[in-house]
Amino acid sequence: MSTERYNAPEREPHWQKRWAEADCFAVADTGDKPKYYVLEMFPYPSGRIHMGHVRNYAMGDVVARHRRAKGYDVLHPMGWDAFGMPAENAAIERGVHPKGWTYDNIAAMRKQLKSMGLAIDWSRELATCDPDYYQHEQRLFLDLLAKDLAYRSTGKVNWDPVDQTVLANEQVIDGRGWRSGALIEQRQREQWNFRITAYAADLVDALERLDRWPDKVRLMQRNWIGRSHGLSMTFDVVGGKLPKPLKALEVFTTRPDTIFGASFLAVSPGHPLALHVAEKNAALIAFLDECKRVGTSEEAIERAEKKGYDTGLKAAHPFIDGLKLPIYVANFILMGYGTGAIFGCPAHDQRDLDFARKYSLPVLPVVLPDGADAKSFTIADEPYLGPGRIANSDFLDGLDVEAAKSVVAERMSALGKGERRTNYRLRDWGISRQRYWGCPIPVVHCIDCGIVPVPRNQLPVLLPDDVTFDVPGNPLDRHPTWKNVDCPSCAKPARRETDTMDTFVCSSWYFARFCSPRATVPVERQAADRWLPVDQYIGGVEHAILHLLYSRFFTRALRDTGHVGLDEPFAGLFTQGMVVHETYQSEAGEWLQPFDVRISGEGGERKAVTVAGSKPVTIGLTEKMSKSKRNVVDPDDIVAHYGADTARWFMLSDSPPERDVIWTASGVEGAGRFVQRLWRLIDEIAEIAPMGTNAVANLAAEAALLHKATHKSLAAADRNFEHLRFNVAVAGIYELTNTVTAALSKRDEPGMAWALREAAEALVQMAGLLMPHLGDECWARLGYHTLLIEQSWPTVDPALLVDDTITIAVQVNGKRRDEMTVARDTSAAELEAMALKLEPVIRAMEGRQVRKVVVVPQRIINVVA
Ligand code: ANZ
Ligand code: ZN
């Protein structure tokens, strides 16, 4: 028997080499087996992998290996989300070329990922910055253009003055650029858009069918798309000389039931009516300027104090003769939503209430909660938003809210002044970026011909290599020659489009490209039909809205341009939690790395000092690993010290995968100890029960028990892996390990050697999903010459899963008093006798006579007094 430690840092590269030689993770596009596509969100090549990656990829890897063992052809690819601003920032800050920087980073990270021992089909690797990839993105762009799903428009854009680029609304956070943090300005600009709104209804409706997505993600998508059903109502504008189109003011409301509580109308600062009045009104011009400074992000508008400007114009109430409501220009009305105009009902809307209080407008409640009285019910600082009966509202009085909505809708449409309408918050996707390191948009601007698509046989439009980053702005635009081309249509001198695509475009279809990564078309239909949808997608919840919504849109666009045959790219979605770690600060308040800190004591006694000088250290909060707080642990260090298997095991063992996992030194050490323990155990069993150890006709009781425990453990692990309950699966592996260890003392009993071997093989197969290097090491030690990845999941004997004992509830007069665990085949007479002897039953009988005992076999015994 060997007593050597398993030397993971030495053995892991050995197994990685063996796997590469056997090319055992590559998968063909054709085959008879069912397919399974597991994908983790591909990384941005920042330079190094972090623990979040380790967790994400370890999960996907376990799923891939498990499915493989279960008889599926598994597609598990990896690529690089390689365009984007950090590469350009590196160019600006350090003078390196974005291309060199990116490909160097990819090389470094590929090496790191390989050291994790992931079962990835590396032959399908792709990088979005590769012309091989982006030329196809350009083809897809042309397809979308031909279908009017890509179009150009002039519109307000969010301009980031520091990064000198247009940002999508989603990239503006609290009025600031998501990367630069600069205050965003509004500018008019021509830009390219994808018509995501064309699919708005389907994108919400289909969420219902994504039953393997987390509810919270579906809810976030639903809110983002923001569908509301309401009424567009037209008011007559009076009291001023206006051009005809402005004499009718159309508002959008989801609460037509509150029309009798209306006390004002308001239009957006960008509304034609506001602009018209402002032509001759300096005070209004000043107000409009002030509104512009607030920014256009919804958050900024929501937070700003509600302000308005009274235009002096009035709107006639549609149902109250002679009532004229003032029309304001108000800073909280968005131009891009509904009609850019509202009627305000202060009693039932917070913003309207704030506004009414500020300008002393009437606040009349028209919806009463149950039991409230119309005469005495008043509104103070909070509007009433709940359900109820309509009051103070003439012909609506007494109706409930929904009924009143219908009545108003009918009345207004009978007047020719109302129309039911469905509105979406979702806007089209602005994809133009004034950046170098992105996919060039393949069109040419010609003075005579207008927008001319680059002919497909002239693709790719390659990025030029010789660019400079010494001044802000778009390097493509100031390149001396790149944009000068002949018009593909009339051959006159023309200008190449210098915008590149938002990098989110690249990540909206990479999962489809993985199906046929070297194809000469963007997506080979046959391969896509075989592999899509992705069966299990795994990634961070930070992508819950944008990336997933864009991918869902793009899949529909790919369908409508004939590239794929489905709508939804990801049948199953799992969002994993973060990796968090304690933070440490020196006396001077500097953040310290975990490796520079020594901890002693436990619980409330825990103390920390610096490793170098034993200086006091404050232990801070446990937070997401981040460079700024220096609470990061480098995967390379862990792999070098303990091996990748330990890191993978620890990552998946401690917490449910959807929750945060706290990285601790003691946790990793514990995982490292288990690696050694499992190795010793397998080593010992390999001695006791070498290959060819046979079962015996009559297993000793202990051997039979172990045999049973093994099958139960396999069955449970199978279910747990299938549902991504990795931590529960790990607990099961620990349990079986303990059972096996205990059984070693009975090694001489009949059949025990055989049962031990069976258990050992099961342990190796289960643990090998998480710790593939150790798995193969153990598999070899058990005498196999095959690789574990080629092994199918053991067949579980269903007869062994049935318990011999059952637990039966015991009632007295229908009330539960106790339970008994008995042999499954105990007879009714025996059960009755046992039940009557139970202490709680005797007590509950209170000395009464037993009238009868009802036995429901295997479930309940009821003693009737
Ligand atoms: C009258 C009213 C009475 C409203 C009431 C609410 C409560 P969602 O659900 O987001 O669609 N609204 C309409 N267009 C707007 C715009 N461009 N900018 C700001 N607010 C706008 O909300 C629809 C409601 O938001 C509409 O219903 C309208 O106010 C307001 F007791 O109309 B409501
Ligand atoms: Zn032309």
# chains A, B, ... in the order shown; residues from 1 in each chain; ligands from 1
call {"tool": "residues_near_ligand", "arguments": {"ligand": "ligand 1", "cutoff": "8 Å", "atoms": "only C-alpha atoms and all ligand atoms", "output": "mmCIF file with all heavy atoms, in the first residue's frame"}}
result
data_model
loop_
_atom_site.group_PDB
_atom_site.id
_atom_site.type_symbol
_atom_site.label_atom_id
_atom_site.label_comp_id
_atom_site.auth_asym_id
_atom_site.auth_seq_id
_atom_site.Cartn_x
_atom_site.Cartn_y
_atom_site.Cartn_z
ATOM 1 N N GLY A 226 -41.399 46.473 -20.143
ATOM 2 C CA GLY A 226 -42.386 47.406 -19.614
ATOM 3 C C GLY A 226 -43.626 47.580 -20.472
ATOM 4 O O GLY A 226 -43.888 48.671 -20.978
ATOM 5 N N ARG A 227 -44.408 46.537 -20.589
ATOM 6 C CA ARG A 227 -45.631 46.673 -21.374
ATOM 7 C C ARG A 227 -46.723 47.262 -20.506
ATOM 8 O O ARG A 227 -46.941 46.820 -19.388
ATOM 9 C CB ARG A 227 -46.053 45.297 -21.882
ATOM 10 C CG ARG A 227 -47.404 45.315 -22.572
ATOM 11 C CD ARG A 227 -47.624 44.124 -23.452
ATOM 12 N NE ARG A 227 -47.629 42.850 -22.746
ATOM 13 C CZ ARG A 227 -47.553 41.681 -23.375
ATOM 14 N NH1 ARG A 227 -47.442 41.634 -24.682
ATOM 15 N NH2 ARG A 227 -47.566 40.566 -22.687
ATOM 16 N N SER A 228 -47.422 48.296 -20.986
ATOM 17 C CA SER A 228 -48.633 48.687 -20.266
ATOM 18 C C SER A 228 -49.783 48.916 -21.215
ATOM 19 O O SER A 228 -49.629 49.456 -22.296
ATOM 20 C CB SER A 228 -48.431 49.881 -19.338
ATOM 21 O OG SER A 228 -47.586 50.810 -19.885
ATOM 22 N N HIS A 229 -50.929 48.457 -20.750
ATOM 23 C CA HIS A 229 -52.150 48.602 -21.522
ATOM 24 C C HIS A 229 -52.862 49.841 -21.017
ATOM 25 O O HIS A 229 -53.059 50.009 -19.828
ATOM 26 C CB HIS A 229 -53.045 47.376 -21.348
ATOM 27 C CG HIS A 229 -52.370 46.105 -21.752
ATOM 28 N ND1 HIS A 229 -52.132 45.789 -23.072
ATOM 29 C CD2 HIS A 229 -51.849 45.093 -21.019
ATOM 30 C CE1 HIS A 229 -51.500 44.625 -23.132
ATOM 31 N NE2 HIS A 229 -51.319 44.184 -21.897
ATOM 32 N N GLY A 230 -53.233 50.725 -21.910
ATOM 33 C CA GLY A 230 -53.895 51.950 -21.469
ATOM 34 C C GLY A 230 -54.719 52.548 -22.583
ATOM 35 O O GLY A 230 -55.125 51.856 -23.524
ATOM 36 N N VAL A 251 -52.963 62.406 -24.758
ATOM 37 C CA VAL A 251 -52.197 61.901 -23.616
ATOM 38 C C VAL A 251 -52.316 60.382 -23.574
ATOM 39 O O VAL A 251 -53.237 59.811 -24.148
ATOM 40 C CB VAL A 251 -52.698 62.485 -22.264
ATOM 41 C CG1 VAL A 251 -52.762 63.998 -22.311
ATOM 42 C CG2 VAL A 251 -54.055 61.901 -21.875
ATOM 43 N N PHE A 252 -51.358 59.754 -22.891
ATOM 44 C CA PHE A 252 -51.458 58.313 -22.668
ATOM 45 C C PHE A 252 -51.675 58.075 -21.183
ATOM 46 O O PHE A 252 -50.958 58.627 -20.348
ATOM 47 C CB PHE A 252 -50.183 57.592 -23.115
ATOM 48 C CG PHE A 252 -50.197 56.120 -22.760
ATOM 49 C CD1 PHE A 252 -51.057 55.243 -23.424
ATOM 50 C CD2 PHE A 252 -49.391 55.608 -21.748
ATOM 51 C CE1 PHE A 252 -51.101 53.896 -23.091
ATOM 52 C CE2 PHE A 252 -49.424 54.260 -21.404
ATOM 53 C CZ PHE A 252 -50.280 53.400 -22.083
ATOM 54 N N THR A 253 -52.675 57.275 -20.874
ATOM 55 C CA THR A 253 -52.948 56.977 -19.462
ATOM 56 C C THR A 253 -53.248 55.495 -19.260
ATOM 57 O O THR A 253 -53.859 54.851 -20.105
ATOM 58 C CB THR A 253 -54.134 57.806 -18.922
ATOM 59 O OG1 THR A 253 -54.387 57.408 -17.574
ATOM 60 C CG2 THR A 253 -55.405 57.590 -19.745
ATOM 61 N N THR A 254 -52.784 54.975 -18.134
ATOM 62 C CA THR A 254 -53.160 53.618 -17.753
ATOM 63 C C THR A 254 -54.287 53.683 -16.717
ATOM 64 O O THR A 254 -54.748 52.658 -16.245
ATOM 65 C CB THR A 254 -51.955 52.870 -17.138
ATOM 66 O OG1 THR A 254 -51.367 53.706 -16.146
ATOM 67 C CG2 THR A 254 -50.934 52.532 -18.199
ATOM 68 N N ARG A 255 -54.681 54.915 -16.346
ATOM 69 C CA ARG A 255 -55.715 55.066 -15.329
ATOM 70 C C ARG A 255 -56.862 55.964 -15.784
ATOM 71 O O ARG A 255 -57.181 56.963 -15.124
ATOM 72 C CB ARG A 255 -55.088 55.645 -14.043
ATOM 73 C CG ARG A 255 -54.047 54.748 -13.365
ATOM 74 C CD ARG A 255 -54.625 53.447 -12.831
ATOM 75 N NE ARG A 255 -55.781 53.623 -11.957
ATOM 76 C CZ ARG A 255 -55.710 53.819 -10.646
ATOM 77 N NH1 ARG A 255 -54.535 53.866 -10.053
ATOM 78 N NH2 ARG A 255 -56.805 53.958 -9.926
ATOM 79 N N PRO A 256 -57.513 55.625 -16.899
ATOM 80 C CA PRO A 256 -58.629 56.467 -17.351
ATOM 81 C C PRO A 256 -59.750 56.543 -16.308
ATOM 82 O O PRO A 256 -60.526 57.497 -16.295
ATOM 83 C CB PRO A 256 -59.117 55.770 -18.626
ATOM 84 C CG PRO A 256 -58.499 54.434 -18.649
ATOM 85 C CD PRO A 256 -57.250 54.510 -17.828
ATOM 86 N N ASP A 257 -59.777 55.556 -15.401
ATOM 87 C CA ASP A 257 -60.794 55.555 -14.334
ATOM 88 C C ASP A 257 -60.684 56.775 -13.423
ATOM 89 O O ASP A 257 -61.627 57.094 -12.695
ATOM 90 C CB ASP A 257 -60.657 54.285 -13.498
ATOM 91 C CG ASP A 257 -59.241 54.120 -12.955
ATOM 92 O OD1 ASP A 257 -58.285 54.060 -13.774
ATOM 93 O OD2 ASP A 257 -59.080 54.081 -11.724
ATOM 94 N N THR A 258 -59.539 57.443 -13.435
ATOM 95 C CA THR A 258 -59.331 58.574 -12.510
ATOM 96 C C THR A 258 -59.596 59.920 -13.181
ATOM 97 O O THR A 258 -59.232 60.958 -12.634
ATOM 98 C CB THR A 258 -57.895 58.577 -11.951
ATOM 99 O OG1 THR A 258 -56.975 58.805 -13.038
ATOM 100 C CG2 THR A 258 -57.546 57.281 -11.251
ATOM 101 N N ILE A 259 -60.232 59.905 -14.338
ATOM 102 C CA ILE A 259 -60.369 61.140 -15.120
ATOM 103 C C ILE A 259 -61.091 62.251 -14.359
ATOM 104 O O ILE A 259 -60.779 63.427 -14.516
ATOM 105 C CB ILE A 259 -61.050 60.850 -16.494
ATOM 106 C CG1 ILE A 259 -61.141 62.103 -17.355
ATOM 107 C CG2 ILE A 259 -62.408 60.213 -16.339
ATOM 108 C CD1 ILE A 259 -59.807 62.636 -17.787
ATOM 109 N N GLY A 261 -60.706 62.910 -11.354
ATOM 110 C CA GLY A 261 -59.771 63.464 -10.369
ATOM 111 C C GLY A 261 -58.658 64.260 -11.026
ATOM 112 O O GLY A 261 -57.733 64.724 -10.361
ATOM 113 N N ALA A 262 -58.747 64.433 -12.350
ATOM 114 C CA ALA A 262 -57.690 65.162 -13.070
ATOM 115 C C ALA A 262 -57.677 66.613 -12.636
ATOM 116 O O ALA A 262 -58.728 67.244 -12.547
ATOM 117 C CB ALA A 262 -57.925 65.061 -14.571
ATOM 118 N N VAL A 267 -47.073 68.373 -20.404
ATOM 119 C CA VAL A 267 -46.363 67.835 -21.571
ATOM 120 C C VAL A 267 -44.863 67.836 -21.274
ATOM 121 O O VAL A 267 -44.381 68.577 -20.411
ATOM 122 C CB VAL A 267 -46.646 68.652 -22.860
ATOM 123 C CG1 VAL A 267 -48.132 68.662 -23.178
ATOM 124 C CG2 VAL A 267 -46.082 70.063 -22.751
ATOM 125 N N SER A 268 -44.161 67.015 -22.023
ATOM 126 C CA SER A 268 -42.715 66.907 -21.877
ATOM 127 C C SER A 268 -42.029 68.166 -22.416
ATOM 128 O O SER A 268 -42.560 68.816 -23.318
ATOM 129 C CB SER A 268 -42.255 65.684 -22.656
ATOM 130 O OG SER A 268 -40.911 65.788 -23.004
ATOM 131 N N PHE A 332 -40.905 65.981 -15.446
ATOM 132 C CA PHE A 332 -40.927 64.525 -15.236
ATOM 133 C C PHE A 332 -41.671 63.769 -16.345
ATOM 134 O O PHE A 332 -41.879 62.568 -16.237
ATOM 135 C CB PHE A 332 -41.501 64.182 -13.852
ATOM 136 C CG PHE A 332 -42.936 64.623 -13.638
ATOM 137 C CD1 PHE A 332 -43.996 63.754 -13.884
ATOM 138 C CD2 PHE A 332 -43.217 65.905 -13.189
ATOM 139 C CE1 PHE A 332 -45.301 64.141 -13.678
ATOM 140 C CE2 PHE A 332 -44.542 66.308 -12.979
ATOM 141 C CZ PHE A 332 -45.585 65.428 -13.224
ATOM 142 N N ILE A 333 -42.055 64.481 -17.376
ATOM 143 C CA ILE A 333 -42.708 63.795 -18.500
ATOM 144 C C ILE A 333 -41.659 63.492 -19.585
ATOM 145 O O ILE A 333 -40.983 64.392 -20.065
ATOM 146 C CB ILE A 333 -43.844 64.652 -19.104
ATOM 147 C CG1 ILE A 333 -44.765 65.182 -18.005
ATOM 148 C CG2 ILE A 333 -44.633 63.847 -20.141
ATOM 149 C CD1 ILE A 333 -45.448 64.103 -17.194
ATOM 150 N N LEU A 334 -41.547 62.208 -19.917
ATOM 151 C CA LEU A 334 -40.565 61.780 -20.910
ATOM 152 C C LEU A 334 -41.142 61.939 -22.306
ATOM 153 O O LEU A 334 -42.291 61.595 -22.551
ATOM 154 C CB LEU A 334 -40.222 60.302 -20.711
ATOM 155 C CG LEU A 334 -39.764 59.878 -19.323
ATOM 156 C CD1 LEU A 334 -39.844 58.367 -19.186
ATOM 157 C CD2 LEU A 334 -38.349 60.373 -19.088
ATOM 158 N N MET A 335 -40.310 62.434 -23.220
ATOM 159 C CA MET A 335 -40.797 62.589 -24.593
ATOM 160 C C MET A 335 -40.909 61.237 -25.287
ATOM 161 O O MET A 335 -41.784 61.022 -26.108
ATOM 162 C CB MET A 335 -39.853 63.511 -25.376
ATOM 163 C CG MET A 335 -40.447 64.012 -26.679
ATOM 164 S SD MET A 335 -42.099 64.744 -26.434
ATOM 165 C CE MET A 335 -42.959 64.137 -27.874
ATOM 166 N N GLY A 336 -40.040 60.319 -24.954
ATOM 167 C CA GLY A 336 -40.000 59.062 -25.698
ATOM 168 C C GLY A 336 -41.001 58.026 -25.228
ATOM 169 O O GLY A 336 -40.971 56.885 -25.662
ATOM 170 N N TYR A 337 -41.903 58.384 -24.315
ATOM 171 C CA TYR A 337 -42.828 57.380 -23.809
ATOM 172 C C TYR A 337 -44.259 57.829 -24.047
ATOM 173 O O TYR A 337 -44.604 59.005 -23.847
ATOM 174 C CB TYR A 337 -42.602 57.152 -22.304
ATOM 175 C CG TYR A 337 -43.412 55.991 -21.797
ATOM 176 C CD1 TYR A 337 -43.053 54.695 -22.125
ATOM 177 C CD2 TYR A 337 -44.565 56.199 -21.050
ATOM 178 C CE1 TYR A 337 -43.823 53.625 -21.701
ATOM 179 C CE2 TYR A 337 -45.327 55.129 -20.611
ATOM 180 C CZ TYR A 337 -44.960 53.843 -20.946
ATOM 181 O OH TYR A 337 -45.717 52.789 -20.543
ATOM 182 N N GLY A 338 -45.114 56.903 -24.434
ATOM 183 C CA GLY A 338 -46.526 57.233 -24.666
ATOM 184 C C GLY A 338 -46.630 58.326 -25.717
ATOM 185 O O GLY A 338 -46.089 58.185 -26.815
ATOM 186 N N THR A 339 -47.290 59.423 -25.353
ATOM 187 C CA THR A 339 -47.410 60.534 -26.296
ATOM 188 C C THR A 339 -46.607 61.740 -25.835
ATOM 189 O O THR A 339 -46.684 62.812 -26.422
ATOM 190 C CB THR A 339 -48.888 60.954 -26.413
ATOM 191 O OG1 THR A 339 -49.324 61.421 -25.126
ATOM 192 C CG2 THR A 339 -49.765 59.788 -26.852
ATOM 193 N N GLY A 340 -45.894 61.562 -24.721
ATOM 194 C CA GLY A 340 -45.132 62.698 -24.180
ATOM 195 C C GLY A 340 -46.030 63.698 -23.467
ATOM 196 O O GLY A 340 -45.643 64.845 -23.245
ATOM 197 N N ALA A 341 -47.244 63.256 -23.131
ATOM 198 C CA ALA A 341 -48.181 64.150 -22.447
ATOM 199 C C ALA A 341 -49.071 63.327 -21.526
ATOM 200 O O ALA A 341 -49.343 62.155 -21.802
ATOM 201 C CB ALA A 341 -49.036 64.894 -23.465
ATOM 202 N N ILE A 342 -49.512 63.933 -20.430
ATOM 203 C CA ILE A 342 -50.346 63.203 -19.466
ATOM 204 C C ILE A 342 -51.474 64.086 -18.938
ATOM 205 O O ILE A 342 -51.418 65.310 -19.076
ATOM 206 C CB ILE A 342 -49.537 62.752 -18.227
ATOM 207 C CG1 ILE A 342 -49.012 63.983 -17.454
ATOM 208 C CG2 ILE A 342 -48.396 61.852 -18.619
ATOM 209 C CD1 ILE A 342 -48.891 63.761 -15.976
ATOM 210 N N PHE A 343 -52.474 63.431 -18.352
ATOM 211 C CA PHE A 343 -53.296 64.203 -17.419
ATOM 212 C C PHE A 343 -52.871 63.757 -16.030
ATOM 213 O O PHE A 343 -52.534 62.585 -15.821
ATOM 214 C CB PHE A 343 -54.807 64.037 -17.692
ATOM 215 C CG PHE A 343 -55.443 62.769 -17.190
ATOM 216 C CD1 PHE A 343 -55.711 62.577 -15.831
ATOM 217 C CD2 PHE A 343 -55.819 61.771 -18.087
ATOM 218 C CE1 PHE A 343 -56.316 61.403 -15.383
ATOM 219 C CE2 PHE A 343 -56.422 60.604 -17.644
ATOM 220 C CZ PHE A 343 -56.671 60.412 -16.285
ATOM 221 N N GLY A 344 -52.836 64.695 -15.110
ATOM 222 C CA GLY A 344 -52.368 64.380 -13.770
ATOM 223 C C GLY A 344 -53.522 64.221 -12.809
ATOM 224 O O GLY A 344 -54.447 65.037 -12.779
ATOM 225 N N CYS A 345 -53.495 63.126 -12.040
ATOM 226 C CA CYS A 345 -54.507 62.909 -11.023
ATOM 227 C C CYS A 345 -53.797 62.764 -9.677
ATOM 228 O O CYS A 345 -53.367 61.677 -9.300
ATOM 229 C CB CYS A 345 -55.311 61.655 -11.344
ATOM 230 S SG CYS A 345 -56.499 61.289 -10.041
ATOM 231 N N PRO A 346 -53.638 63.871 -8.960
ATOM 232 C CA PRO A 346 -52.782 63.888 -7.771
ATOM 233 C C PRO A 346 -53.193 62.911 -6.669
ATOM 234 O O PRO A 346 -52.327 62.418 -5.945
ATOM 235 C CB PRO A 346 -52.900 65.331 -7.276
ATOM 236 C CG PRO A 346 -53.333 66.108 -8.476
ATOM 237 C CD PRO A 346 -54.187 65.181 -9.277
ATOM 238 N N ALA A 347 -54.466 62.603 -6.560
ATOM 239 C CA ALA A 347 -54.887 61.739 -5.456
ATOM 240 C C ALA A 347 -54.392 60.304 -5.630
ATOM 241 O O ALA A 347 -54.327 59.539 -4.669
ATOM 242 C CB ALA A 347 -56.409 61.748 -5.333
ATOM 243 N N HIS A 348 -54.034 59.942 -6.861
ATOM 244 C CA HIS A 348 -53.714 58.548 -7.115
ATOM 245 C C HIS A 348 -52.383 58.337 -7.842
ATOM 246 O O HIS A 348 -52.178 57.322 -8.494
ATOM 247 C CB HIS A 348 -54.877 57.875 -7.858
ATOM 248 C CG HIS A 348 -56.165 58.025 -7.116
ATOM 249 N ND1 HIS A 348 -56.394 57.378 -5.910
ATOM 250 C CD2 HIS A 348 -57.257 58.797 -7.341
ATOM 251 C CE1 HIS A 348 -57.592 57.722 -5.448
ATOM 252 N NE2 HIS A 348 -58.132 58.591 -6.302
ATOM 253 N N ASP A 349 -51.498 59.304 -7.743
ATOM 254 C CA ASP A 349 -50.181 59.150 -8.353
ATOM 255 C C ASP A 349 -49.197 60.027 -7.586
ATOM 256 O O ASP A 349 -49.467 61.205 -7.350
ATOM 257 C CB ASP A 349 -50.224 59.576 -9.823
ATOM 258 C CG ASP A 349 -48.886 59.361 -10.517
ATOM 259 O OD1 ASP A 349 -48.014 60.255 -10.429
ATOM 260 O OD2 ASP A 349 -48.707 58.298 -11.132
ATOM 261 N N ASP A 352 -47.732 63.104 -9.503
ATOM 262 C CA ASP A 352 -48.781 64.118 -9.685
ATOM 263 C C ASP A 352 -49.100 64.808 -8.369
ATOM 264 O O ASP A 352 -49.368 66.016 -8.327
ATOM 265 C CB ASP A 352 -50.064 63.464 -10.228
ATOM 266 C CG ASP A 352 -49.869 62.882 -11.618
ATOM 267 O OD1 ASP A 352 -48.815 63.148 -12.230
ATOM 268 O OD2 ASP A 352 -50.775 62.152 -12.091
ATOM 269 N N LEU A 385 -53.137 54.188 -3.942
ATOM 270 C CA LEU A 385 -52.819 53.454 -5.169
ATOM 271 C C LEU A 385 -53.574 52.128 -5.259
ATOM 272 O O LEU A 385 -53.491 51.425 -6.260
ATOM 273 C CB LEU A 385 -51.315 53.176 -5.240
ATOM 274 C CG LEU A 385 -50.407 54.416 -5.174
ATOM 275 C CD1 LEU A 385 -48.926 54.008 -5.186
ATOM 276 C CD2 LEU A 385 -50.685 55.359 -6.337
ATOM 277 N N ASN A 423 -48.417 50.162 -24.738
ATOM 278 C CA ASN A 423 -47.138 50.862 -24.804
ATOM 279 C C ASN A 423 -46.022 50.016 -24.233
ATOM 280 O O ASN A 423 -46.249 49.214 -23.325
ATOM 281 C CB ASN A 423 -47.222 52.142 -23.967
ATOM 282 C CG ASN A 423 -47.388 53.356 -24.838
ATOM 283 O OD1 ASN A 423 -46.842 53.432 -25.927
ATOM 284 N ND2 ASN A 423 -48.159 54.299 -24.354
ATOM 285 N N TYR A 424 -44.834 50.226 -24.745
ATOM 286 C CA TYR A 424 -43.657 49.535 -24.218
ATOM 287 C C TYR A 424 -42.623 50.559 -23.791
ATOM 288 O O TYR A 424 -42.445 51.580 -24.433
ATOM 289 C CB TYR A 424 -43.050 48.626 -25.293
ATOM 290 C CG TYR A 424 -43.969 47.506 -25.682
ATOM 291 C CD1 TYR A 424 -44.913 47.672 -26.695
ATOM 292 C CD2 TYR A 424 -43.920 46.294 -25.016
ATOM 293 C CE1 TYR A 424 -45.783 46.651 -27.037
ATOM 294 C CE2 TYR A 424 -44.788 45.268 -25.354
ATOM 295 C CZ TYR A 424 -45.714 45.449 -26.369
ATOM 296 O OH TYR A 424 -46.565 44.440 -26.688
ATOM 297 N N ARG A 425 -41.963 50.222 -22.723
ATOM 298 C CA ARG A 425 -40.863 51.057 -22.259
ATOM 299 C C ARG A 425 -39.619 50.812 -23.125
ATOM 300 O O ARG A 425 -38.737 51.651 -23.230
ATOM 301 C CB ARG A 425 -40.512 50.649 -20.820
ATOM 302 C CG ARG A 425 -40.555 51.745 -19.795
ATOM 303 C CD ARG A 425 -40.216 51.139 -18.440
ATOM 304 N NE ARG A 425 -38.906 50.513 -18.482
ATOM 305 C CZ ARG A 425 -37.809 51.028 -17.941
ATOM 306 N NH1 ARG A 425 -37.860 52.162 -17.297
ATOM 307 N NH2 ARG A 425 -36.659 50.399 -18.020
#
call {"tool": "residues_around", "arguments": {"residues": "segment 360-364 of chain A", "least_positions_apart": "5", "cutoff": "12 Å", "atoms": "only C-alpha atoms", "output": "JSON, numbers by chain"}}
result
{"A": [258, 259, 260, 261, 262, 263, 264, 265, 310, 325, 326, 327, 328, 344, 345, 346, 347, 348, 349, 350, 352, 353, 354, 355, 374, 375, 376, 377, 378, 379, 380, 381, 382, 383, 384, 390, 391, 392, 393]}
call {"tool": "residues_around", "arguments": {"residues": "Glu623 of chain A", "least_positions_apart": "3", "cutoff": "7 Å", "atoms": "only C-alpha atoms", "output": "PyMOL selection string"}}
result
chain A and resi 580-582
call {"tool": "write_last_selection", "arguments": {"atoms": "all heavy atoms", "output": "compact mmCIF listing (two decimals), in the first residue's frame"}}
result
# COMPACT_ATOMS: atom_id res chain seq x y z
N VAL A 580 -16.96 35.80 -2.56
CA VAL A 580 -16.69 36.92 -1.65
C VAL A 580 -15.59 36.52 -0.66
O VAL A 580 -15.30 35.34 -0.46
CB VAL A 580 -17.97 37.34 -0.89
CG1 VAL A 580 -19.03 37.83 -1.85
CG2 VAL A 580 -18.52 36.20 -0.05
N HIS A 581 -14.99 37.53 -0.07
CA HIS A 581 -13.86 37.29 0.83
C HIS A 581 -13.83 38.40 1.87
O HIS A 581 -14.25 39.52 1.60
CB HIS A 581 -12.55 37.29 0.01
CG HIS A 581 -11.39 36.71 0.75
ND1 HIS A 581 -10.76 37.34 1.80
CD2 HIS A 581 -10.73 35.53 0.57
CE1 HIS A 581 -9.77 36.57 2.24
NE2 HIS A 581 -9.72 35.46 1.51
N GLU A 582 -13.30 38.08 3.04
CA GLU A 582 -13.10 39.11 4.06
C GLU A 582 -12.19 40.21 3.52
O GLU A 582 -11.37 39.97 2.64
CB GLU A 582 -12.38 38.49 5.28
CG GLU A 582 -13.29 37.92 6.31
CD GLU A 582 -12.52 37.40 7.52
OE1 GLU A 582 -11.31 37.14 7.41
OE2 GLU A 582 -13.16 37.23 8.57
call {"tool": "residues_near_ligand", "arguments": {"ligand": "ligand 2", "cutoff": "9 Å", "atoms": "only C-alpha atoms and all ligand atoms", "output": "count of residues only"}}
result
18
call {"tool": "residues_around", "arguments": {"residues": "His543 of chain A", "least_positions_apart": "3", "cutoff": "10 Å", "atoms": "only C-alpha atoms", "output": "list of chain:residue names"}}
result
A:Met41, A:Val217, A:Gly539, A:Gly540, A:Leu546, A:His547, A:Leu548, A:Leu549, A:Thr575
call {"tool": "select_by_dssp", "arguments": {"residues": "segment 214-340 of chain A", "states": "alpha helix (DSSP H)", "output": "ChimeraX atom specification"}}
result
/A:215-225,272-278,282-294,298-303
